[in-house]
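Q: Can you read through this structure? Questions will come right after.
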Amino acid sequence: MTLPPSAKTLIIGGGIIGCSTAYHLAQMGEEVLLLEKAALTSGSTWHAAGLVGQLRSNANITQLLGYSIDLYDKLEAETGLATGWKMNGGLRLACNEERWTEVKRQSTTAHSFGLDMQLLTPQEAQALWPLMDISDVVGAAFLPTDGQASPSDITQALARGARAKGAVLIENMPVTKILSEKGKLIGVRTPQGDISCEKLVLCCGQWTRELAKEIGVTVPLVSVEHQYMVTEAFGVPKDLPTLRDPDRLTYYKEEVGGLVMGGYEPNGIPWAKDGIPDPFDFQLLESNFDHFEQLMELSLPRVPKLETVGVKQLINGPESFTPDGNFILGEAPEMANVFIGAGFNAFGIASGGGAGMALAEWVAKGAPPYDLWPVDIRRFGRPHTDTDWVRTRTLEAYGKHYTMAWPSEEHESGRPCRRSPLYDRLKSEGAVFGEKLGWERPNWFAEKGEEPRDIYTFERPNWHEAVGREHKAARDAAVLFDQSSFAKFILQGPDAEAALQWIAANRVDKPVGSIIYTQMLNDKGGIECDLTCVRTGHDSYYIITGTGFATHDFDWIRRNIPEGLNAQLVDVTSSNAVLSLFGPKARDILSKVTRDDISNEAQPFATSQQIGIAGCPILALRITYVGELGWELHLPTEYAQTVYDALHRAGASHGLRNAGYRAIETLRLEKGYRAWSADIGPDHTPDEAGLGWAVKIKSSIPFKGREAVVNQRKNGLHKILATFTTDGDTILSGRETIYRNGERCGWLSSGGYGHTLERSIGMGYVRATEPIDKDYVLKGTYELEVATKRVPAEVTLSPLYDPKMEKVRS
């Protein structure tokens, strides 16, 4: 086939993700060209196991997987090609009480997201899967709409569907180079010539990282060997459900009258550390029976028949895995019009239909169909540029594929990576650290006699009392948080105000020294960023956002500076440490270490000023995320230890205590402060989230998303964020189902415990098909489903703690 000289959208990679993206772009009427270096499916798609499950811990990712199932259900009729798809259901076993608790919580999550996950007795599970021994089974969950597919057949059907709508798919056409000039995409080079393109989509599986690296785009994935066994036929019924046995690290599916059995061993083997051999098409790795033996030993007691059945093949195929076990979608922050769909962690077949749909919309419309933050490429940051670090973390994630998903569980590999200047000091004082985007952050502080480590459980954890101490100190005295990991940017230039005025939903034309809390909205009115801007000069703003949102928020602000405006965005995260001093005694302590006037009259709430402490120039922000009087102190990193010591000397007589991020969480829940990526995000508007007061809609100043906010205020709300409380013995962790007057109406976006109130607290949206108001929310009678049990709950739209903001403004 003759290569076209140009293409509007060019996709590299003919596996299931590339073909699905081409299919959906073609369905939308977009011009699309797909190039595959060998034959379709020749990378890792052809040897995938083909299990298709739906439930994930995020509603939108679950919805995306559900879309895959809907698509596979109709694809054969549409294209005339068999897909091997069958909706035979999926079983998940629990073989101890903690796993059973996890399964029950998963069942509640499924109910929250509208899935019919059924809990079964061991005997009921065995009736569905008669091949297994159930002597150690406590219970099981069954999802009737799960199933399995033939990966190659599904992909060929997608390819035919794409061609039928005008897409051009060319095989045996490798891309040897991505062409760019001055940081802008131009096209690609092939052995038959160059092709210019407006947009480029990299769906190259394990080849994606190296290809993207050529143009400075980071795609953090590595190859890991993944094995599964195919048995000879022995009368396995075709309608046998898929089976996941996480306590034995294994999965099963029917295959031509036999079984496929594979799993995720704790000691995964990385592959191609020094590069993928060329060519590597329709190839497998040498079977590693010794390494697979550990899974075989776990499997035999579950399926005794495997001891006597012949093994047809042990398939060892490399798959691309990521550091957090989630796949990678979206537009690369480093280069406009370059999109990624890769790193599918061995569930690319389950994700393929939905991921292709979402990526196609992202490419064609500039945004995904809904919030996909868990898989957004912008969730990564500086540590992910180092492949060795990525490999270390990815192997841990691979080994945890079937281990217990504990609440608040932290990764252990690749640590410590990024450390604040206070790391060693805090560690010596009992800090138990968590990690976010490579940063070590104190989660809580152990006292003498307490073991300084997390012990995970679905009950109250070992840090519960320690966090309670810190929480109480914040409410009664004062606490000091090391929040140096905050992402920090400077927006400067003659047009800085005009640029920020367009991007921010709140007014930023405030006097120098003002602190502006604001959202940044997409064109649908959804909250893309939730952050703080400090006006530090007539032409400069200091912007602070959450640690994990550094790449995302920088990218959003930079991309949305209107063309022609003279404003530059600079990341200064590593330059400044942050010490947050909060509590009713905060002013008493701070006044001991600075000569500057920090009285309420001199520095009211939501203002900043430069102060000095122990020779250090500090930008002191009168702001809080815990609902108490306090300051964020932003200072050059080299002063951090000096200022820390000065504050603790001054605070000793006032009960000052170190505190960690888990106390921040309990404090902010009592105060009703929202968390981006949990309670608010691109699918939620300020009015829905109770943040409409921070939108400059009454002014005539235009801003991105304004029209959507105006229209919503005209047409009404269909969901409203509310706070729920239950008795203190109920453990809430998020995703519990909300029932209003006995009808399911949503789920908790976050959950925890309020140590001041001694109540369990959750936040979540009350949803309805018709427009609703505050009275509708407050007049309902509510229950929360927690691990399949319903508990009564009280609802409020006001902060549970200090609703009049008297403490914050004191």
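Within each chain, counting starts at residue 1; across the structure tokens, chains are named A, B, ... in the order shown, with ligands numbered 1 upward in that order.
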With a distance cut-off of 8 Å and only C-alpha atoms, select the neighbouring residues of Thr796 (chain A), excluding the residue or stretch itself and same-chain residues fewer than 6 positions from it, and output the selection as a list of chain:residue names.
A: A:Ala722, A:Thr723, A:Phe724, A:Leu778
Q: Please extract the residues of region 563-708 of chain A with a backbone DSSP assignment of strand (DSSP E or B) and present them as a PyMOL selection string.
A: chain A and resi 568-571+576-582+607-613+616-621+630-636+656-658+676+680
Q: Name the residues in contact with region 452-462 of chain A at a cut-off of 9 Å, using only C-alpha atoms, excluding same-chain residues fewer than 2 positions from it; report them as a list in words.
A: Glu98, Thr101, Glu102, Trp406, Pro407, Ser408, Glu409, Glu410, Gly430, Ala431, Val432, Phe433, Trp444, Phe445, Ala446, Glu447, Glu450, His464, Glu465, Ala466, Asp729 and Ile731 of chain A
Q: Name the closest residue to Thr62 (chain A) among the candidates A:Thr9, A:Asn172, A:Ser196, A:Ser351; distances are taken between atoms, counting only C-alpha atoms.
A: A:Ser351
Q: Give me the residues of region 548-578 of chain A that have any atom at most 12 Å from an atom of region 694-707 of chain A; for each, the nearest atom pair and the distance in Å, rounded to one decimal. Use only C-alpha atoms, sort by chain and number, and format it as a Markdown table.
A:
```
| residue | atom | partner | partner_atom | distance |
| --- | --- | --- | --- | --- |
| A:Trp556 | CA | A:Lys704 | CA | 11.7 |
| A:Ile557 | CA | A:Lys704 | CA | 11.4 |
| A:Asn560 | CA | A:Lys704 | CA | 8.8 |
| A:Ile561 | CA | A:Lys704 | CA | 10.6 |
| A:Pro562 | CA | A:Lys704 | CA | 10.4 |
```
Q: Pick out the closest residue to Ala646 (chain A) from this set: A:Gly583, A:Pro442, A:Gly615, A:Gly630. Count only C-alpha atoms.
A: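 Of the candidates, the smallest distance to Ala646 (chain A) is held by A:Gly615.
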Q: Name all residues at most 7 Å from Gly414 (chain A) (count only C-alpha atoms; drop same-chain ones fewer than 5 positions away) and give them as number ranges by chain.
A: A: 389, 392-393
Q: Export, as a PDB file, in the first residue's frame, the selected residues with all heavy atoms.
A:
```
ATOM      1  N   TRP A 389      14.283   3.356  38.672  1.00  0.00           N
ATOM      2  CA  TRP A 389      13.327   3.576  39.764  1.00  0.00           C
ATOM      3  C   TRP A 389      11.962   3.036  39.375  1.00  0.00           C
ATOM      4  O   TRP A 389      11.290   2.378  40.174  1.00  0.00           O
ATOM      5  CB  TRP A 389      13.227   5.063  40.093  1.00  0.00           C
ATOM      6  CG  TRP A 389      12.446   5.354  41.349  1.00  0.00           C
ATOM      7  CD1 TRP A 389      12.934   5.445  42.614  1.00  0.00           C
ATOM      8  CD2 TRP A 389      11.025   5.562  41.453  1.00  0.00           C
ATOM      9  NE1 TRP A 389      11.911   5.714  43.504  1.00  0.00           N
ATOM     10  CE2 TRP A 389      10.735   5.784  42.813  1.00  0.00           C
ATOM     11  CE3 TRP A 389       9.977   5.592  40.526  1.00  0.00           C
ATOM     12  CZ2 TRP A 389       9.439   6.034  43.270  1.00  0.00           C
ATOM     13  CZ3 TRP A 389       8.685   5.828  40.980  1.00  0.00           C
ATOM     14  CH2 TRP A 389       8.431   6.053  42.342  1.00  0.00           C
ATOM     15  N   THR A 392      11.897  -0.762  39.666  1.00  0.00           N
ATOM     16  CA  THR A 392      11.829  -1.204  41.064  1.00  0.00           C
ATOM     17  C   THR A 392      10.406  -1.114  41.602  1.00  0.00           C
ATOM     18  O   THR A 392       9.888  -2.059  42.203  1.00  0.00           O
ATOM     19  CB  THR A 392      12.777  -0.346  41.932  1.00  0.00           C
ATOM     20  OG1 THR A 392      14.114  -0.528  41.468  1.00  0.00           O
ATOM     21  CG2 THR A 392      12.699  -0.753  43.390  1.00  0.00           C
ATOM     22  N   ARG A 393       9.772   0.019  41.383  1.00  0.00           N
ATOM     23  CA  ARG A 393       8.406   0.208  41.877  1.00  0.00           C
ATOM     24  C   ARG A 393       7.418  -0.679  41.125  1.00  0.00           C
ATOM     25  O   ARG A 393       6.472  -1.217  41.705  1.00  0.00           O
ATOM     26  CB  ARG A 393       8.034   1.688  41.749  1.00  0.00           C
ATOM     27  CG  ARG A 393       6.598   2.063  42.113  1.00  0.00           C
ATOM     28  CD  ARG A 393       6.225   1.703  43.562  1.00  0.00           C
ATOM     29  NE  ARG A 393       7.065   2.303  44.538  1.00  0.00           N
ATOM     30  CZ  ARG A 393       6.915   3.550  45.021  1.00  0.00           C
ATOM     31  NH1 ARG A 393       5.963   4.321  44.570  1.00  0.00           N
ATOM     32  NH2 ARG A 393       7.734   3.989  45.959  1.00  0.00           N
TER      33      ARG A 393
END
```
Q: Counting only C-alpha atoms, what is within 12 Å of Gly235 (chain A), bar same-chain residues fewer than 6 positions away, as a ChimeraX atom specification?
A: /A:130-131,254-259,305,309
Q: What would the file look like if the residues just selected were written as a PDB file, in the first residue's frame with all heavy atoms?
A:
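This is the output file part_38.pdb:
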```pdb
ATOM      1  N   PRO A 130     -17.394 -26.280  39.538  1.00  0.00           N
ATOM      2  CA  PRO A 130     -17.311 -27.589  40.210  1.00  0.00           C
ATOM      3  C   PRO A 130     -15.916 -28.201  40.232  1.00  0.00           C
ATOM      4  O   PRO A 130     -15.697 -29.182  40.964  1.00  0.00           O
ATOM      5  CB  PRO A 130     -18.287 -28.464  39.404  1.00  0.00           C
ATOM      6  CG  PRO A 130     -18.460 -27.766  38.098  1.00  0.00           C
ATOM      7  CD  PRO A 130     -18.274 -26.312  38.359  1.00  0.00           C
ATOM      8  N   LEU A 131     -14.980 -27.671  39.481  1.00  0.00           N
ATOM      9  CA  LEU A 131     -13.629 -28.243  39.449  1.00  0.00           C
ATOM     10  C   LEU A 131     -12.822 -27.953  40.708  1.00  0.00           C
ATOM     11  O   LEU A 131     -11.763 -28.539  40.919  1.00  0.00           O
ATOM     12  CB  LEU A 131     -12.860 -27.701  38.243  1.00  0.00           C
ATOM     13  CG  LEU A 131     -13.422 -28.032  36.860  1.00  0.00           C
ATOM     14  CD1 LEU A 131     -12.660 -27.242  35.796  1.00  0.00           C
ATOM     15  CD2 LEU A 131     -13.316 -29.522  36.590  1.00  0.00           C
ATOM     16  N   GLU A 254     -11.727 -21.056  31.079  1.00  0.00           N
ATOM     17  CA  GLU A 254     -11.885 -22.196  30.169  1.00  0.00           C
ATOM     18  C   GLU A 254     -11.226 -21.891  28.831  1.00  0.00           C
ATOM     19  O   GLU A 254     -11.260 -20.762  28.342  1.00  0.00           O
ATOM     20  CB  GLU A 254     -13.376 -22.451  29.950  1.00  0.00           C
ATOM     21  CG  GLU A 254     -13.687 -23.663  29.072  1.00  0.00           C
ATOM     22  CD  GLU A 254     -13.723 -23.341  27.590  1.00  0.00           C
ATOM     23  OE1 GLU A 254     -13.936 -22.156  27.236  1.00  0.00           O
ATOM     24  OE2 GLU A 254     -13.519 -24.263  26.772  1.00  0.00           O
ATOM     25  N   GLU A 255     -10.610 -22.920  28.220  1.00  0.00           N
ATOM     26  CA  GLU A 255      -9.966 -22.766  26.918  1.00  0.00           C
ATOM     27  C   GLU A 255     -10.070 -24.082  26.155  1.00  0.00           C
ATOM     28  O   GLU A 255      -9.375 -25.062  26.482  1.00  0.00           O
ATOM     29  CB  GLU A 255      -8.493 -22.372  27.103  1.00  0.00           C
ATOM     30  CG  GLU A 255      -7.721 -22.189  25.806  1.00  0.00           C
ATOM     31  CD  GLU A 255      -7.762 -20.754  25.289  1.00  0.00           C
ATOM     32  OE1 GLU A 255      -8.447 -19.917  25.893  1.00  0.00           O
ATOM     33  OE2 GLU A 255      -7.127 -20.490  24.265  1.00  0.00           O
ATOM     34  N   VAL A 256     -10.940 -24.151  25.177  1.00  0.00           N
ATOM     35  CA  VAL A 256     -11.130 -25.310  24.306  1.00  0.00           C
ATOM     36  C   VAL A 256     -11.255 -26.612  25.108  1.00  0.00           C
ATOM     37  O   VAL A 256     -10.564 -27.593  24.851  1.00  0.00           O
ATOM     38  CB  VAL A 256      -9.982 -25.419  23.276  1.00  0.00           C
ATOM     39  CG1 VAL A 256     -10.401 -26.334  22.126  1.00  0.00           C
ATOM     40  CG2 VAL A 256      -9.577 -24.066  22.723  1.00  0.00           C
ATOM     41  N   GLY A 257     -12.111 -26.580  26.111  1.00  0.00           N
ATOM     42  CA  GLY A 257     -12.341 -27.767  26.918  1.00  0.00           C
ATOM     43  C   GLY A 257     -11.300 -28.019  27.989  1.00  0.00           C
ATOM     44  O   GLY A 257     -11.421 -28.968  28.771  1.00  0.00           O
ATOM     45  N   GLY A 258     -10.277 -27.192  28.051  1.00  0.00           N
ATOM     46  CA  GLY A 258      -9.272 -27.275  29.108  1.00  0.00           C
ATOM     47  C   GLY A 258      -9.284 -26.005  29.932  1.00  0.00           C
ATOM     48  O   GLY A 258     -10.264 -25.259  29.958  1.00  0.00           O
ATOM     49  N   LEU A 259      -8.180 -25.771  30.638  1.00  0.00           N
ATOM     50  CA  LEU A 259      -8.072 -24.590  31.493  1.00  0.00           C
ATOM     51  C   LEU A 259      -6.833 -23.786  31.151  1.00  0.00           C
ATOM     52  O   LEU A 259      -5.791 -24.349  30.772  1.00  0.00           O
ATOM     53  CB  LEU A 259      -7.987 -24.985  32.971  1.00  0.00           C
ATOM     54  CG  LEU A 259      -9.269 -25.321  33.734  1.00  0.00           C
ATOM     55  CD1 LEU A 259      -8.919 -25.643  35.183  1.00  0.00           C
ATOM     56  CD2 LEU A 259     -10.274 -24.164  33.682  1.00  0.00           C
ATOM     57  N   LYS A 305      -7.580 -31.667  39.878  1.00  0.00           N
ATOM     58  CA  LYS A 305      -7.536 -32.328  38.579  1.00  0.00           C
ATOM     59  C   LYS A 305      -6.270 -31.951  37.796  1.00  0.00           C
ATOM     60  O   LYS A 305      -5.807 -32.718  36.923  1.00  0.00           O
ATOM     61  CB  LYS A 305      -8.786 -31.941  37.778  1.00  0.00           C
ATOM     62  CG  LYS A 305      -8.962 -32.686  36.458  1.00  0.00           C
ATOM     63  CD  LYS A 305      -9.372 -34.129  36.676  1.00  0.00           C
ATOM     64  CE  LYS A 305      -9.705 -34.799  35.358  1.00  0.00           C
ATOM     65  NZ  LYS A 305      -9.998 -36.229  35.524  1.00  0.00           N
ATOM     66  N   VAL A 309      -3.884 -33.837  34.610  1.00  0.00           N
ATOM     67  CA  VAL A 309      -4.174 -33.342  33.256  1.00  0.00           C
ATOM     68  C   VAL A 309      -2.871 -32.964  32.559  1.00  0.00           C
ATOM     69  O   VAL A 309      -1.950 -32.422  33.177  1.00  0.00           O
ATOM     70  CB  VAL A 309      -5.123 -32.123  33.333  1.00  0.00           C
ATOM     71  CG1 VAL A 309      -5.250 -31.446  31.972  1.00  0.00           C
ATOM     72  CG2 VAL A 309      -6.488 -32.554  33.832  1.00  0.00           C
TER      73      VAL A 309
END
```
Q: If we count only C-alpha atoms, what is near region 275-283 of chain A at a cut-off of 9 Å, once residues fewer than 5 positions away on the same chain are taken out, given as JSON, numbers by chain?
A: {"A": [37, 38, 39, 41, 42, 43, 44, 46, 47, 206, 207, 210, 223, 317]}
Q: Which residues, written as a ChimeraX atom specification, have at least one atom at most 9 Å from region 594-608 of chain A, with only C-alpha atoms counted and residues fewer than 6 positions away on the same chain left out?
A: /A:512-517,534-536,587,614,619-623,629-630,808-810
Q: Create the file for the chosen residues now, containing N, CA and C atoms and written as a compact mmCIF listing (two decimals), in the first residue's frame.
A:
```txt
# COMPACT_ATOMS: atom_id res chain seq x y z
N VAL A 512 -1.73 43.12 46.31
CA VAL A 512 -0.55 42.32 46.64
C VAL A 512 -0.66 41.88 48.10
N GLY A 513 -0.36 40.61 48.36
CA GLY A 513 -0.49 40.04 49.69
C GLY A 513 -1.77 39.24 49.88
N SER A 514 -2.67 39.32 48.91
CA SER A 514 -3.92 38.56 49.01
C SER A 514 -3.68 37.09 48.70
N ILE A 515 -4.44 36.24 49.37
CA ILE A 515 -4.46 34.80 49.08
C ILE A 515 -5.80 34.49 48.43
N ILE A 516 -5.77 33.88 47.26
CA ILE A 516 -6.99 33.55 46.55
C ILE A 516 -7.12 32.04 46.46
N TYR A 517 -8.14 31.50 47.10
CA TYR A 517 -8.48 30.09 46.92
C TYR A 517 -9.37 29.99 45.69
N VAL A 534 -1.23 33.17 45.60
CA VAL A 534 -0.83 34.29 46.43
C VAL A 534 -0.32 35.39 45.52
N ARG A 535 -0.91 36.58 45.63
CA ARG A 535 -0.41 37.68 44.80
C ARG A 535 0.82 38.25 45.48
N THR A 536 1.97 38.02 44.89
CA THR A 536 3.24 38.45 45.49
C THR A 536 3.78 39.73 44.86
N ARG A 587 -0.57 31.53 67.07
CA ARG A 587 -0.09 32.92 67.10
C ARG A 587 0.85 33.14 68.29
N ALA A 614 14.69 33.70 62.78
CA ALA A 614 16.05 33.16 62.91
C ALA A 614 16.89 33.43 61.65
N LEU A 619 7.72 33.64 53.59
CA LEU A 619 6.41 34.06 53.10
C LEU A 619 5.39 33.34 53.98
N ALA A 620 4.75 34.10 54.85
CA ALA A 620 3.80 33.52 55.82
C ALA A 620 2.39 33.67 55.28
N LEU A 621 1.72 32.55 55.03
CA LEU A 621 0.37 32.55 54.49
C LEU A 621 -0.62 32.25 55.60
N ARG A 622 -1.54 33.15 55.84
CA ARG A 622 -2.58 32.94 56.85
C ARG A 622 -3.71 32.14 56.21
N ILE A 623 -3.57 30.85 56.26
CA ILE A 623 -4.52 29.95 55.59
C ILE A 623 -4.47 28.62 56.32
N LEU A 629 -6.85 28.32 63.44
CA LEU A 629 -5.91 29.42 63.25
C LEU A 629 -4.57 28.85 62.82
N GLY A 630 -3.91 29.50 61.86
CA GLY A 630 -2.60 28.97 61.49
C GLY A 630 -1.99 29.64 60.29
N VAL A 808 -10.88 29.85 62.59
CA VAL A 808 -9.97 30.11 61.48
C VAL A 808 -9.64 31.60 61.39
N ARG A 809 -10.62 32.45 61.67
CA ARG A 809 -10.45 33.89 61.52
C ARG A 809 -10.06 34.60 62.81
N SER A 810 -9.78 33.85 63.87
CA SER A 810 -9.52 34.46 65.18
C SER A 810 -8.17 35.16 65.23
```
Q: One decimal, Å: what's the distance from CA of Lys592 (chain A) over to CA of Ala478 (chain A), could you say?
A: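 If I compute the distance from CA of Lys592 (chain A) to CA of Ala478 (chain A), I get 13.9 Å.
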